[in-house]
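One file, protein-v5.csv, carrying CSV, C-alpha atoms:
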chain,number,residue,atom,x,y,z
K,15,MET,CA,20.5,14.2,-19.1
K,16,GLU,CA,20.2,17.8,-20.3
K,17,ASN,CA,16.6,18.4,-21.4
K,18,ALA,CA,17.7,21.1,-23.9
K,19,SER,CA,19.4,18.5,-26.0
K,20,HIS,CA,16.2,16.6,-26.6
K,21,THR,CA,13.6,17.2,-29.2
K,22,PHE,CA,10.3,15.4,-29.9
K,23,PRO,CA,10.1,13.3,-33.0
K,24,PRO,CA,8.4,14.6,-36.2
K,25,ASP,CA,5.1,13.3,-37.3
K,26,ASN,CA,6.4,11.6,-40.5
K,27,ALA,CA,8.5,9.0,-38.7
K,28,SER,CA,9.4,5.5,-39.7
K,29,PHE,CA,11.7,4.0,-37.0
K,30,PRO,CA,10.5,2.1,-34.0
K,31,SER,CA,9.5,4.2,-31.0
K,32,SER,CA,11.5,1.9,-28.7
K,33,VAL,CA,14.8,3.5,-29.9
K,34,LEU,CA,13.6,6.9,-28.5
K,35,SER,CA,14.9,8.1,-25.2
K,36,LEU,CA,12.9,9.1,-22.1
K,37,CYS,CA,13.6,12.7,-21.2
K,38,PRO,CA,13.6,13.1,-17.4
K,39,THR,CA,12.8,16.5,-16.0
K,40,ALA,CA,13.4,17.8,-12.5
K,41,ALA,CA,10.4,15.7,-11.3
K,42,THR,CA,12.4,12.6,-12.0
K,43,LEU,CA,16.0,13.8,-11.4
K,44,PHE,CA,15.4,15.7,-8.1
K,45,PHE,CA,11.8,15.4,-6.8
K,46,LEU,CA,11.5,11.6,-6.8
K,47,PRO,CA,15.0,10.9,-5.4
K,48,SER,CA,14.5,13.5,-2.6
K,49,VAL,CA,11.1,12.0,-1.6
K,50,TYR,CA,12.3,8.4,-1.7
K,51,ALA,CA,15.3,9.4,0.5
K,52,LEU,CA,12.9,11.1,2.9
K,53,LEU,CA,10.7,8.0,2.8
K,54,PHE,CA,13.7,5.9,3.8
K,55,LEU,CA,14.5,8.2,6.8
K,56,THR,CA,10.9,8.1,8.1
K,57,ALA,CA,9.7,4.6,7.1
K,58,LEU,CA,12.7,2.6,8.4
K,59,PRO,CA,12.6,3.9,12.1
K,60,GLY,CA,8.8,4.1,12.1
K,61,ASN,CA,8.2,0.5,11.1
K,62,VAL,CA,11.1,-0.8,13.3
K,63,LEU,CA,9.5,1.0,16.2
K,64,SER,CA,6.0,-0.4,15.3
K,65,LEU,CA,7.3,-4.0,15.1
K,66,TRP,CA,9.0,-3.5,18.5
K,67,VAL,CA,5.8,-2.3,20.1
K,68,PHE,CA,3.7,-5.0,18.5
K,69,TRP,CA,6.1,-7.9,19.4
K,70,GLN,CA,7.5,-6.8,22.8
K,71,HIS,CA,5.2,-4.3,24.5
K,72,ILE,CA,1.6,-5.5,23.8
K,73,SER,CA,1.0,-8.5,26.1
K,74,THR,CA,-2.3,-9.7,24.6
K,75,ILE,CA,-2.4,-9.6,20.8
K,76,SER,CA,-5.7,-9.0,19.0
K,77,PRO,CA,-6.3,-9.9,15.3
K,78,THR,CA,-5.8,-6.3,14.3
K,79,HIS,CA,-2.4,-6.3,15.9
K,80,VAL,CA,-1.5,-9.5,13.9
K,81,TYR,CA,-2.6,-7.8,10.6
K,82,LEU,CA,-0.7,-4.6,11.4
K,83,SER,CA,2.5,-6.4,12.4
K,84,HIS,CA,2.6,-8.2,9.1
K,85,LEU,CA,1.9,-4.9,7.4
K,86,SER,CA,4.8,-3.3,9.2
K,87,VAL,CA,7.1,-6.2,8.1
K,88,SER,CA,6.1,-5.5,4.5
K,89,ASN,CA,6.6,-1.7,4.9
K,90,LEU,CA,10.0,-2.4,6.5
K,91,MET,CA,11.0,-4.4,3.4
K,92,LEU,CA,9.8,-1.5,1.2
K,93,SER,CA,11.8,1.0,3.2
K,94,LEU,CA,15.0,-0.9,2.5
K,95,THR,CA,14.5,-0.6,-1.2
K,96,THR,CA,13.9,3.2,-1.2
K,97,PRO,CA,17.6,4.2,-1.4
K,98,PHE,CA,18.0,2.1,-4.6
K,99,LEU,CA,14.8,3.7,-6.0
K,100,ALA,CA,16.2,7.2,-5.2
K,101,ALA,CA,19.5,6.3,-7.0
K,102,TYR,CA,17.6,4.8,-10.0
K,103,TYR,CA,15.6,8.0,-10.6
K,104,ALA,CA,18.6,10.2,-10.0
K,105,TRP,CA,21.1,8.3,-12.2
K,106,GLY,CA,19.1,5.8,-14.1
K,107,SER,CA,19.4,7.9,-17.3
K,108,VAL,CA,23.2,7.4,-17.2
K,109,TRP,CA,23.4,3.8,-15.9
K,110,THR,CA,23.8,1.2,-18.6
K,111,LEU,CA,21.1,-1.3,-18.9
K,112,SER,CA,23.5,-4.2,-18.2
K,113,GLY,CA,24.9,-2.6,-15.1
K,114,VAL,CA,24.7,-4.2,-11.7
K,115,LEU,CA,22.6,-1.5,-10.1
K,116,CYS,CA,20.2,-1.4,-13.0
K,117,GLN,CA,19.7,-5.2,-12.9
K,118,LEU,CA,19.3,-5.0,-9.1
K,119,VAL,CA,16.4,-2.5,-9.6
K,120,LEU,CA,14.8,-4.6,-12.3
K,121,HIS,CA,15.1,-8.0,-10.6
K,122,GLY,CA,15.0,-7.1,-6.9
K,123,ILE,CA,13.6,-3.7,-6.1
K,124,THR,CA,10.6,-3.7,-8.5
K,125,PRO,CA,9.1,-7.0,-7.2
K,126,VAL,CA,9.4,-5.8,-3.6
K,127,LEU,CA,7.7,-2.5,-4.3
K,128,HIS,CA,4.7,-4.1,-6.0
K,129,ILE,CA,4.5,-6.9,-3.5
K,130,ASN,CA,4.2,-4.3,-0.7
K,131,ILE,CA,1.4,-2.5,-2.5
K,132,TYR,CA,-0.8,-5.6,-2.8
K,133,ILE,CA,0.0,-7.0,0.6
K,134,SER,CA,-1.1,-3.7,2.0
K,135,LEU,CA,-4.3,-3.8,0.0
K,136,MET,CA,-5.2,-7.3,1.1
K,137,ILE,CA,-4.3,-6.8,4.8
K,138,LEU,CA,-6.2,-3.6,5.1
K,139,SER,CA,-9.2,-5.4,3.6
K,140,TRP,CA,-9.0,-8.0,6.3
K,141,VAL,CA,-8.6,-5.3,8.9
K,142,ALA,CA,-11.8,-3.9,7.7
K,143,LEU,CA,-13.6,-7.2,7.9
K,144,SER,CA,-12.2,-7.8,11.4
K,145,ARG,CA,-13.5,-4.4,12.6
K,146,PHE,CA,-16.7,-5.0,10.8
K,147,ALA,CA,-17.2,-8.3,12.7
K,148,ALA,CA,-16.4,-6.9,16.1
K,149,LEU,CA,-18.7,-3.9,15.8
K,150,ILE,CA,-21.6,-5.7,14.2
K,151,ARG,CA,-21.6,-8.3,16.9
K,152,HIS,CA,-20.9,-6.2,20.0
K,153,THR,CA,-22.7,-2.9,19.7
K,154,HIS,CA,-26.3,-2.0,20.2
K,155,ALA,CA,-28.6,-1.1,17.4
K,156,SER,CA,-32.3,-0.7,16.9
K,157,ARG,CA,-32.4,-3.8,14.8
K,158,PRO,CA,-29.7,-6.4,13.9
K,159,SER,CA,-27.6,-5.7,10.8
K,160,ALA,CA,-28.6,-7.5,7.7
K,161,CYS,CA,-25.1,-8.9,7.5
K,162,ALA,CA,-25.4,-10.4,10.9
K,163,THR,CA,-28.5,-12.3,9.8
K,164,LEU,CA,-27.3,-13.3,6.3
K,165,LEU,CA,-23.7,-14.4,7.2
K,166,PRO,CA,-23.1,-17.5,9.4
K,167,HIS,CA,-22.2,-16.8,13.1
K,168,GLY,CA,-19.0,-18.8,12.7
K,169,PHE,CA,-17.8,-16.3,10.1
K,170,PHE,CA,-17.8,-13.5,12.6
K,171,THR,CA,-16.2,-15.7,15.2
K,172,LEU,CA,-13.3,-16.6,12.9
K,173,LEU,CA,-12.6,-13.0,12.1
K,174,THR,CA,-12.1,-12.2,15.8
K,175,ARG,CA,-9.5,-15.0,16.4
K,176,THR,CA,-5.8,-14.3,16.2
K,177,SER,CA,-5.0,-17.8,14.9
K,178,PHE,CA,-7.2,-17.1,11.9
K,179,ALA,CA,-5.6,-13.7,11.4
K,180,SER,CA,-2.2,-15.4,11.3
K,181,ARG,CA,-3.4,-17.9,8.7
K,182,VAL,CA,-4.9,-15.1,6.6
K,183,CYS,CA,-1.6,-13.1,6.7
K,184,CYS,CA,0.4,-16.1,5.6
K,185,THR,CA,-2.0,-16.7,2.7
K,186,VAL,CA,-1.7,-13.0,1.7
K,187,TRP,CA,2.1,-13.3,1.5
K,188,VAL,CA,1.9,-16.4,-0.6
K,189,VAL,CA,-0.7,-14.9,-3.0
K,190,ALA,CA,1.1,-11.6,-3.3
K,191,VAL,CA,4.6,-13.1,-3.8
K,192,GLY,CA,3.2,-15.9,-6.1
K,193,GLY,CA,1.2,-13.5,-8.2
K,194,ILE,CA,3.7,-10.6,-8.5
K,195,VAL,CA,7.1,-12.3,-8.8
K,196,PRO,CA,6.4,-14.2,-12.1
K,197,VAL,CA,5.0,-11.1,-13.7
K,198,THR,CA,8.0,-8.9,-12.7
K,199,VAL,CA,10.5,-11.6,-13.6
K,200,TYR,CA,9.0,-12.0,-17.1
K,201,TYR,CA,9.0,-8.2,-17.5
K,202,SER,CA,12.6,-7.7,-16.3
K,203,VAL,CA,14.0,-10.7,-18.3
K,204,ASN,CA,12.0,-10.8,-21.5
K,205,GLU,CA,10.9,-7.2,-22.0
K,206,ALA,CA,13.0,-4.6,-20.2
K,207,ALA,CA,16.4,-6.4,-20.5
K,208,ALA,CA,15.7,-7.7,-24.0
K,209,THR,CA,15.9,-4.2,-25.5
K,210,GLY,CA,19.7,-4.3,-25.1
K,211,GLY,CA,20.0,-6.7,-28.0
K,212,GLY,CA,21.3,-9.7,-26.1
K,213,GLY,CA,23.1,-7.7,-23.5
K,214,GLY,CA,24.7,-5.2,-25.9
K,215,ALA,CA,25.3,-1.7,-24.7
K,216,GLU,CA,23.9,0.0,-27.8
K,217,LYS,CA,20.7,-0.1,-29.9
K,218,GLY,CA,20.3,1.8,-33.1
K,219,GLY,CA,23.7,3.6,-32.4
K,220,CYS,CA,22.5,4.8,-29.0
K,221,VAL,CA,23.8,3.7,-25.6
K,222,GLU,CA,21.0,1.7,-23.9
K,223,VAL,CA,20.5,3.3,-20.5
K,224,CYS,CA,18.6,1.9,-17.5
K,225,TYR,CA,15.9,4.6,-17.6
K,226,ASN,CA,14.4,3.7,-21.0
K,227,PRO,CA,11.0,3.2,-22.6
K,228,ALA,CA,11.1,-0.6,-22.3
K,229,VAL,CA,11.9,-0.5,-18.6
K,230,GLU,CA,9.3,2.1,-17.8
K,231,ILE,CA,6.6,1.1,-20.2
K,232,GLY,CA,7.1,-2.6,-20.5
K,233,GLY,CA,5.8,-4.9,-23.2
K,234,SER,CA,2.4,-6.1,-24.3
K,235,LEU,CA,2.3,-9.2,-22.2
K,236,SER,CA,3.2,-7.6,-18.9
K,237,ALA,CA,0.6,-4.9,-19.7
K,238,ALA,CA,-2.0,-7.5,-20.3
K,239,LEU,CA,-1.2,-9.2,-17.0
K,240,THR,CA,-1.5,-5.9,-15.3
K,241,VAL,CA,-5.2,-5.7,-16.2
K,242,PRO,CA,-6.4,-8.5,-13.8
K,243,VAL,CA,-4.2,-7.0,-11.1
K,244,VAL,CA,-6.0,-3.7,-11.5
K,245,ILE,CA,-9.4,-5.5,-11.4
K,246,ILE,CA,-8.4,-7.3,-8.2
K,247,PHE,CA,-7.5,-4.0,-6.6
K,248,PHE,CA,-10.9,-2.5,-7.3
K,249,VAL,CA,-12.6,-5.6,-6.0
K,250,PHE,CA,-10.8,-5.3,-2.7
K,251,TYR,CA,-11.2,-1.6,-2.6
K,252,LEU,CA,-15.0,-1.8,-3.1
K,253,LEU,CA,-15.1,-4.6,-0.5
K,254,VAL,CA,-13.4,-2.3,2.0
K,255,LEU,CA,-15.7,0.5,1.1
K,256,LEU,CA,-18.8,-1.7,1.4
K,257,SER,CA,-17.6,-3.0,4.8
K,258,TYR,CA,-17.0,0.5,6.1
K,259,VAL,CA,-20.3,1.9,4.7
K,260,THR,CA,-22.1,-1.0,6.4
K,261,VAL,CA,-20.3,-0.3,9.7
K,262,LEU,CA,-21.2,3.4,9.4
K,263,ARG,CA,-24.9,2.6,9.0
K,264,HIS,CA,-24.7,0.3,12.0
K,265,ILE,CA,-23.0,3.0,14.0
K,266,ARG,CA,-25.8,5.5,13.2
K,267,ARG,CA,-28.4,3.0,14.3
K,268,SER,CA,-26.4,2.2,17.4
K,269,ARG,CA,-26.2,5.8,18.4
K,270,ARG,CA,-30.0,6.0,18.5
K,271,SER,CA,-30.4,3.0,20.8
K,272,ALA,CA,-27.2,2.6,22.8
K,273,HIS,CA,-27.7,2.1,26.5
K,274,VAL,CA,-24.1,2.2,27.7
K,275,PRO,CA,-23.0,5.8,28.3
K,276,THR,CA,-19.4,5.4,27.0
K,277,SER,CA,-20.6,3.7,23.8
K,278,GLN,CA,-21.4,7.1,22.2
K,279,SER,CA,-17.8,8.3,22.4
K,280,LEU,CA,-16.6,4.9,21.3
K,281,LEU,CA,-18.8,4.9,18.2
K,282,GLY,CA,-17.7,8.4,17.4
K,283,ARG,CA,-14.1,7.3,17.6
K,284,VAL,CA,-14.7,4.3,15.4
K,285,LEU,CA,-16.4,6.6,12.9
K,286,ARG,CA,-13.4,8.9,12.8
K,287,ASN,CA,-11.0,6.0,12.4
K,288,ILE,CA,-13.0,4.6,9.5
K,289,VAL,CA,-12.9,7.9,7.7
K,290,VAL,CA,-9.1,8.2,8.3
K,291,ILE,CA,-8.4,4.7,7.0
K,292,GLN,CA,-10.6,5.2,3.9
K,293,VAL,CA,-9.0,8.5,3.1
K,294,VAL,CA,-5.5,7.0,3.4
K,295,LEU,CA,-6.4,4.1,1.1
K,296,SER,CA,-8.0,6.4,-1.4
K,297,LEU,CA,-5.2,9.0,-1.5
K,298,CYS,CA,-2.3,6.5,-1.6
K,299,LEU,CA,-3.5,3.6,-3.7
K,300,LEU,CA,-6.5,4.7,-5.7
K,301,PRO,CA,-4.8,7.3,-8.0
K,302,HIS,CA,-2.1,4.8,-9.1
K,303,HIS,CA,-4.7,2.2,-10.0
K,304,ILE,CA,-6.9,4.7,-11.8
K,305,PHE,CA,-4.0,5.9,-14.0
K,306,LYS,CA,-2.6,2.5,-14.7
K,307,PRO,CA,-5.3,1.4,-17.2
K,308,ILE,CA,-5.0,4.9,-18.9
K,309,PHE,CA,-1.2,4.5,-19.1
K,310,ILE,CA,-1.5,0.9,-20.5
K,311,SER,CA,-3.9,2.2,-23.2
K,312,LEU,CA,-1.5,5.1,-24.1
K,313,ALA,CA,1.4,2.6,-24.3
K,314,ARG,CA,-0.5,0.3,-26.6
K,315,ASP,CA,-1.3,3.1,-29.0
K,316,HIS,CA,2.4,4.1,-29.2
K,317,ARG,CA,4.0,0.7,-29.2
K,318,GLN,CA,3.4,0.1,-32.9
K,319,ARG,CA,4.0,3.6,-34.0
K,320,THR,CA,7.1,4.3,-36.1
K,321,TYR,CA,9.1,7.5,-36.8
K,322,SER,CA,11.3,8.6,-39.6
K,323,PRO,CA,15.0,8.9,-38.8
K,324,GLY,CA,16.3,12.3,-38.1
K,325,SER,CA,19.7,13.8,-37.8
K,326,ASP,CA,20.1,12.7,-34.2
K,327,ILE,CA,17.7,9.8,-33.2
K,328,CYS,CA,19.3,9.5,-29.8
K,329,ALA,CA,18.3,13.0,-28.9
K,330,LEU,CA,14.6,12.5,-29.6
K,331,CYS,CA,12.2,12.3,-26.7
K,332,HIS,CA,9.7,9.5,-26.4
K,333,PRO,CA,6.1,10.9,-26.6
K,334,LEU,CA,5.2,9.2,-23.3
K,335,SER,CA,8.0,10.8,-21.3
K,336,ALA,CA,5.7,13.0,-19.4
K,337,PHE,CA,3.2,10.2,-18.8
K,338,VAL,CA,6.0,8.0,-17.5
K,339,GLU,CA,6.9,10.7,-14.9
K,340,LEU,CA,3.3,11.0,-13.9
K,341,LYS,CA,3.1,7.2,-13.5
K,342,ASN,CA,6.2,7.2,-11.3
K,343,CYS,CA,4.9,10.1,-9.1
K,344,LEU,CA,1.7,8.1,-8.5
K,345,LEU,CA,3.7,5.0,-7.7
K,346,LEU,CA,5.6,7.1,-5.2
K,347,LEU,CA,2.3,8.1,-3.7
K,348,ALA,CA,1.4,4.4,-3.2
K,349,ALA,CA,4.8,3.8,-1.7
K,350,LEU,CA,4.4,6.7,0.8
K,351,ARG,CA,2.0,4.5,2.7
K,352,GLY,CA,5.1,2.8,4.1
K,353,SER,CA,6.0,6.0,5.9
K,354,THR,CA,2.5,7.1,6.9
K,355,ASP,CA,1.2,3.7,8.3
K,356,PRO,CA,3.1,4.0,11.6
K,357,LEU,CA,1.5,7.4,12.1
K,358,MET,CA,-1.8,5.8,11.3
K,359,TYR,CA,-1.3,3.1,13.9
K,360,PHE,CA,-0.4,5.8,16.5
K,361,LEU,CA,-3.5,7.9,15.8
K,362,LEU,CA,-6.0,5.1,15.6
K,363,ASP,CA,-4.9,2.4,18.0
K,364,LYS,CA,-5.1,3.4,21.7
K,365,THR,CA,-3.0,0.5,22.9
K,366,PHE,CA,-0.3,1.1,20.3
K,367,ARG,CA,-0.3,4.8,21.1
K,368,HIS,CA,0.0,4.2,24.8
K,369,GLN,CA,2.8,1.7,24.5
K,370,THR,CA,4.7,3.8,22.0
K,371,LEU,CA,4.6,6.8,24.2
K,372,ARG,CA,5.7,4.7,27.1
K,373,LEU,CA,8.6,3.2,25.1
K,374,LEU,CA,9.7,6.7,24.0
K,375,ARG,CA,9.5,7.8,27.7
K,376,CYS,CA,6.9,10.4,26.8
K,377,ASN,CA,4.3,9.0,29.3
K,378,GLN,CA,6.3,8.8,32.5
K,379,SER,CA,3.5,10.3,34.6
K,380,ASN,CA,1.6,6.9,34.4
K,381,PRO,CA,4.1,4.3,35.8
K,382,GLY,CA,1.3,1.6,35.9
K,383,GLY,CA,0.3,2.2,32.3
K,384,ARG,CA,1.5,-1.1,30.9
K,385,GLY,CA,-0.4,-3.2,33.5
K,386,MET,CA,-3.6,-1.2,32.8
K,387,SER,CA,-3.1,-1.6,29.0
K,388,ALA,CA,-2.5,-5.3,29.4
K,389,GLY,CA,-5.6,-5.7,31.5
K,390,ALA,CA,-7.6,-3.8,28.9
K,391,ASN,CA,-6.2,-6.0,26.1
K,392,GLN,CA,-7.3,-9.1,28.0
K,393,LYS,CA,-10.8,-7.7,28.3
K,394,ALA,CA,-10.8,-6.9,24.6
K,395,GLY,CA,-9.8,-10.5,23.8
K,396,GLN,CA,-12.8,-11.8,25.7
K,397,LEU,CA,-15.4,-9.9,23.6
K,398,GLY,CA,-17.1,-13.0,22.6
K,399,ASP,CA,-17.5,-14.3,26.1
K,400,GLY,CA,-18.9,-11.3,28.0
K,401,ASN,CA,-22.3,-9.6,27.9
K,402,VAL,CA,-23.0,-7.0,25.2
K,403,ALA,CA,-22.7,-4.0,27.4
K,404,THR,CA,-19.3,-5.0,28.8
K,405,ALA,CA,-18.1,-5.8,25.3
K,406,THR,CA,-19.2,-2.4,24.0
K,407,VAL,CA,-17.2,-0.6,26.7
K,408,ASP,CA,-14.1,-2.7,26.3
K,409,LEU,CA,-14.0,-2.2,22.5
K,410,SER,CA,-12.5,1.2,23.2
K,411,HIS,CA,-9.3,-0.6,24.5
K,412,GLU,CA,-9.0,-2.8,21.4
K,413,SER,CA,-7.5,-1.7,18.1
K,414,VAL,CA,-10.5,-0.1,16.3
K,415,LEU,CA,-9.0,0.4,12.9
Show this structure as structure tokens.
Amino acid sequence: MENASHTFPPDNASFPSSVLSLCPTAATLFFLPSVYALLFLTALPGNVLSLWVFWQHISTISPTHVYLSHLSVSNLMLSLTTPFLAAYYAWGSVWTLSGVLCQLVLHGITPVLHINIYISLMILSWVALSRFAALIRHTHASRPSACATLLPHGFFTLLTRTSFASRVCCTVWVVAVGGIVPVTVYYSVNEAAATGGGGGAEKGGCVEVCYNPAVEIGGSLSAALTVPVVIIFFVFYLLVLLSYVTVLRHIRRSRRSAHVPTSQSLLGRVLRNIVVIQVVLSLCLLPHHIFKPIFISLARDHRQRTYSPGSDICALCHPLSAFVELKNCLLLLAALRGSTDPLMYFLLDKTFRHQTLRLLRCNQSNPGGRGMSAGANQKAGQLGDGNVATATVDLSHESVL
């Protein structure tokens, strides 16, 4: 684990690059374990509290609350894996590949981490569509949105129903688990674990550790299967961006023609919420998916490269060691969403914020708060039945993510 004992291979090499070692620096040995430990300490209580509020303290559930409760379940699962990820980065360079902890990380922790990322992506996309439907249908504008005229009325109605939101979330779980698990199982069984030579502890005279190029870089097939996953991410990301841009345009038109006095502050709040959500999505998930194709291309170029044997092959650093650490830091950034999402709910959802403060006994000055919030939620659930002016005012009490 001492970096001083490693040297990079000479240019005139002729042995496979897979026998080289990854050379972890302080970024892997100290920074990543520390942040994952902090993520556990913040994400676990934050998501437990969020689920408790969604399930026990909000009387009338909106579609947005359904989406966010499923997102909290996914984040809670992620938070339970973070201690193992912290241990992997701290001690993976000394764990043997066939060890129990290493196999647990490969077969259990890795799928959960990636499932969380793509469940989050798809659920946030449906949250965007749900908010899009509510604002397009129930706010004033100088002229109807083009989307309201092009898309069938039933589409907007479905997006505002909690039963439809529940079916969407179940489908998201099936798609994410069904799409991610086969890829990660193939990677962990046929690519990462196969480097140990049938379970042996050594390869080329070197002890095969858990933190090695095959585990961190993967093989050609898993890399090829990653490409459509990246494409799917950008499809959903652009869909979210398009939905929010359309809503922003509608908000600008609504501001010029709104007749309800409180609608101006409502639309300003929605605008702020949209910006916050888009920034979180861009900062947490976008960098990881931008770098992923670059990393796959670098790995492909080095996969067939060979190096000449030196005096101590086991001490040579893999050329992609620094890129592996960058990849892991960006993956950590994607995982950090599990900790920041509860804060996002608190900042953006008035009902969630009110009930959380009440639960934490920070809002004792308003003993009738829960009844007021419940009544507001019931009004929000009747958006499709009231007149436009009433619906516009009552939107301020619904989740406006």
Distance of CA of Gln292 (chain K) from CA of Leu255 (chain K), expressed in Å to one decimal place: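 Atom-to-atom, CA of Leu255 (chain K) to CA of Gln292 (chain K), that is 7.5 Å.
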Straight-line distance linking CA of Tyr132 (chain K) with CA of Ser88 (chain K), stated in Å to one decimal: 10.0 Å
Polymer residues at most 10 Å from Ser335 (chain K), only C-alpha atoms, same-chain spacing of 6 or more positions, as an NGL selection string: :K and (34-39 or 226-227 or 230-231 or 341)
Exercise: Ile123 (chain K) partners within 12 Å, all atoms listed in the file, chain neighbours under 5 positions left out, as a list in words: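 Close residues of Ile123 (chain K): Met91, Leu92, Ser93, Leu94, Thr95, Thr96, Pro97, Phe98, Leu99, Ala100, Ala101, Tyr102, Leu115, Cys116, Gln117, Leu118, His128, Ile129, Asn130, Val195, Thr198, Val199 and Ser202 of chain K.
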Mind writing the picked residues with C-alpha atoms as a PDB file, keeping the file's coordinate frame?
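Saved to again_30.pdb:
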ATOM      1  CA  MET K  91      11.000  -4.400   3.400  1.00  0.00           C
ATOM      2  CA  LEU K  92       9.800  -1.500   1.200  1.00  0.00           C
ATOM      3  CA  SER K  93      11.800   1.000   3.200  1.00  0.00           C
ATOM      4  CA  LEU K  94      15.000  -0.900   2.500  1.00  0.00           C
ATOM      5  CA  THR K  95      14.500  -0.600  -1.200  1.00  0.00           C
ATOM      6  CA  THR K  96      13.900   3.200  -1.200  1.00  0.00           C
ATOM      7  CA  PRO K  97      17.600   4.200  -1.400  1.00  0.00           C
ATOM      8  CA  PHE K  98      18.000   2.100  -4.600  1.00  0.00           C
ATOM      9  CA  LEU K  99      14.800   3.700  -6.000  1.00  0.00           C
ATOM     10  CA  ALA K 100      16.200   7.200  -5.200  1.00  0.00           C
ATOM     11  CA  ALA K 101      19.500   6.300  -7.000  1.00  0.00           C
ATOM     12  CA  TYR K 102      17.600   4.800 -10.000  1.00  0.00           C
ATOM     13  CA  LEU K 115      22.600  -1.500 -10.100  1.00  0.00           C
ATOM     14  CA  CYS K 116      20.200  -1.400 -13.000  1.00  0.00           C
ATOM     15  CA  GLN K 117      19.700  -5.200 -12.900  1.00  0.00           C
ATOM     16  CA  LEU K 118      19.300  -5.000  -9.100  1.00  0.00           C
ATOM     17  CA  HIS K 128       4.700  -4.100  -6.000  1.00  0.00           C
ATOM     18  CA  ILE K 129       4.500  -6.900  -3.500  1.00  0.00           C
ATOM     19  CA  ASN K 130       4.200  -4.300  -0.700  1.00  0.00           C
ATOM     20  CA  VAL K 195       7.100 -12.300  -8.800  1.00  0.00           C
ATOM     21  CA  THR K 198       8.000  -8.900 -12.700  1.00  0.00           C
ATOM     22  CA  VAL K 199      10.500 -11.600 -13.600  1.00  0.00           C
ATOM     23  CA  SER K 202      12.600  -7.700 -16.300  1.00  0.00           C
TER      24      SER K 202
END
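Between CA of Cys331 (chain K) and CA of Val223 (chain K) the interatomic distance comes to 13.7 Å.
Each of K:Tyr258, K:Tyr103, K:Tyr50, K:Phe44 was compared to Ala142 (chain K) using all atoms listed in the file, and K:Tyr258 turns out to be the nearest.
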Give me the residues within 7 Å of Ser353 (chain K) as a compact mmCIF listing (two decimals) with C-alpha atoms, in the coordinates of the input, counting all atoms listed in the file and dropping any in the same chain fewer than 2 places off.
# COMPACT_ATOMS: atom_id res chain seq x y z
CA LEU K 53 10.70 8.00 2.80
CA THR K 56 10.90 8.10 8.10
CA ALA K 57 9.70 4.60 7.10
CA LEU K 350 4.40 6.70 0.80
CA ARG K 351 2.00 4.50 2.70
CA ASP K 355 1.20 3.70 8.30
CA PRO K 356 3.10 4.00 11.60
Expected answer as a ChimeraX atom specification: all residues with atoms within 7 Å of (4.8, -9.5, -18.7), all atoms listed in the file: /K:197-198,200-201,233-237,239
Counting only C-alpha atoms, the option among K:Ile72, K:Val114, K:Leu262, K:Ala348 closest to Gln369 (chain K):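 The answer is K:Ile72, which sits nearest to Gln369 (chain K).
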Residue among K:Leu55, K:Ala104, K:Val259, K:Val203 lying closest to Leu120 (chain K), counting only C-alpha atoms: K:Val203
Pick from K:Ala228, K:Val186, K:Leu361, K:Leu173 nearest to His332 (chain K), counting all atoms listed in the file: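 Nearest candidate to His332 (chain K) out of K:Ala228, K:Val186, K:Leu361, K:Leu173: K:Ala228.
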Among the residues K:Ser257, K:Ala336, K:Ala349, K:Ser177, the one that comes closest to Leu90 (chain K) [using only C-alpha atoms]: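 Result for the nearest residue to Leu90 (chain K): K:Ala349.
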Which residue of K:Met358, K:Thr110, K:Trp69, K:Lys306 approaches Ser83 (chain K) most closely, using only C-alpha atoms: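 Among the listed residues, K:Trp69 lies closest to Ser83 (chain K).
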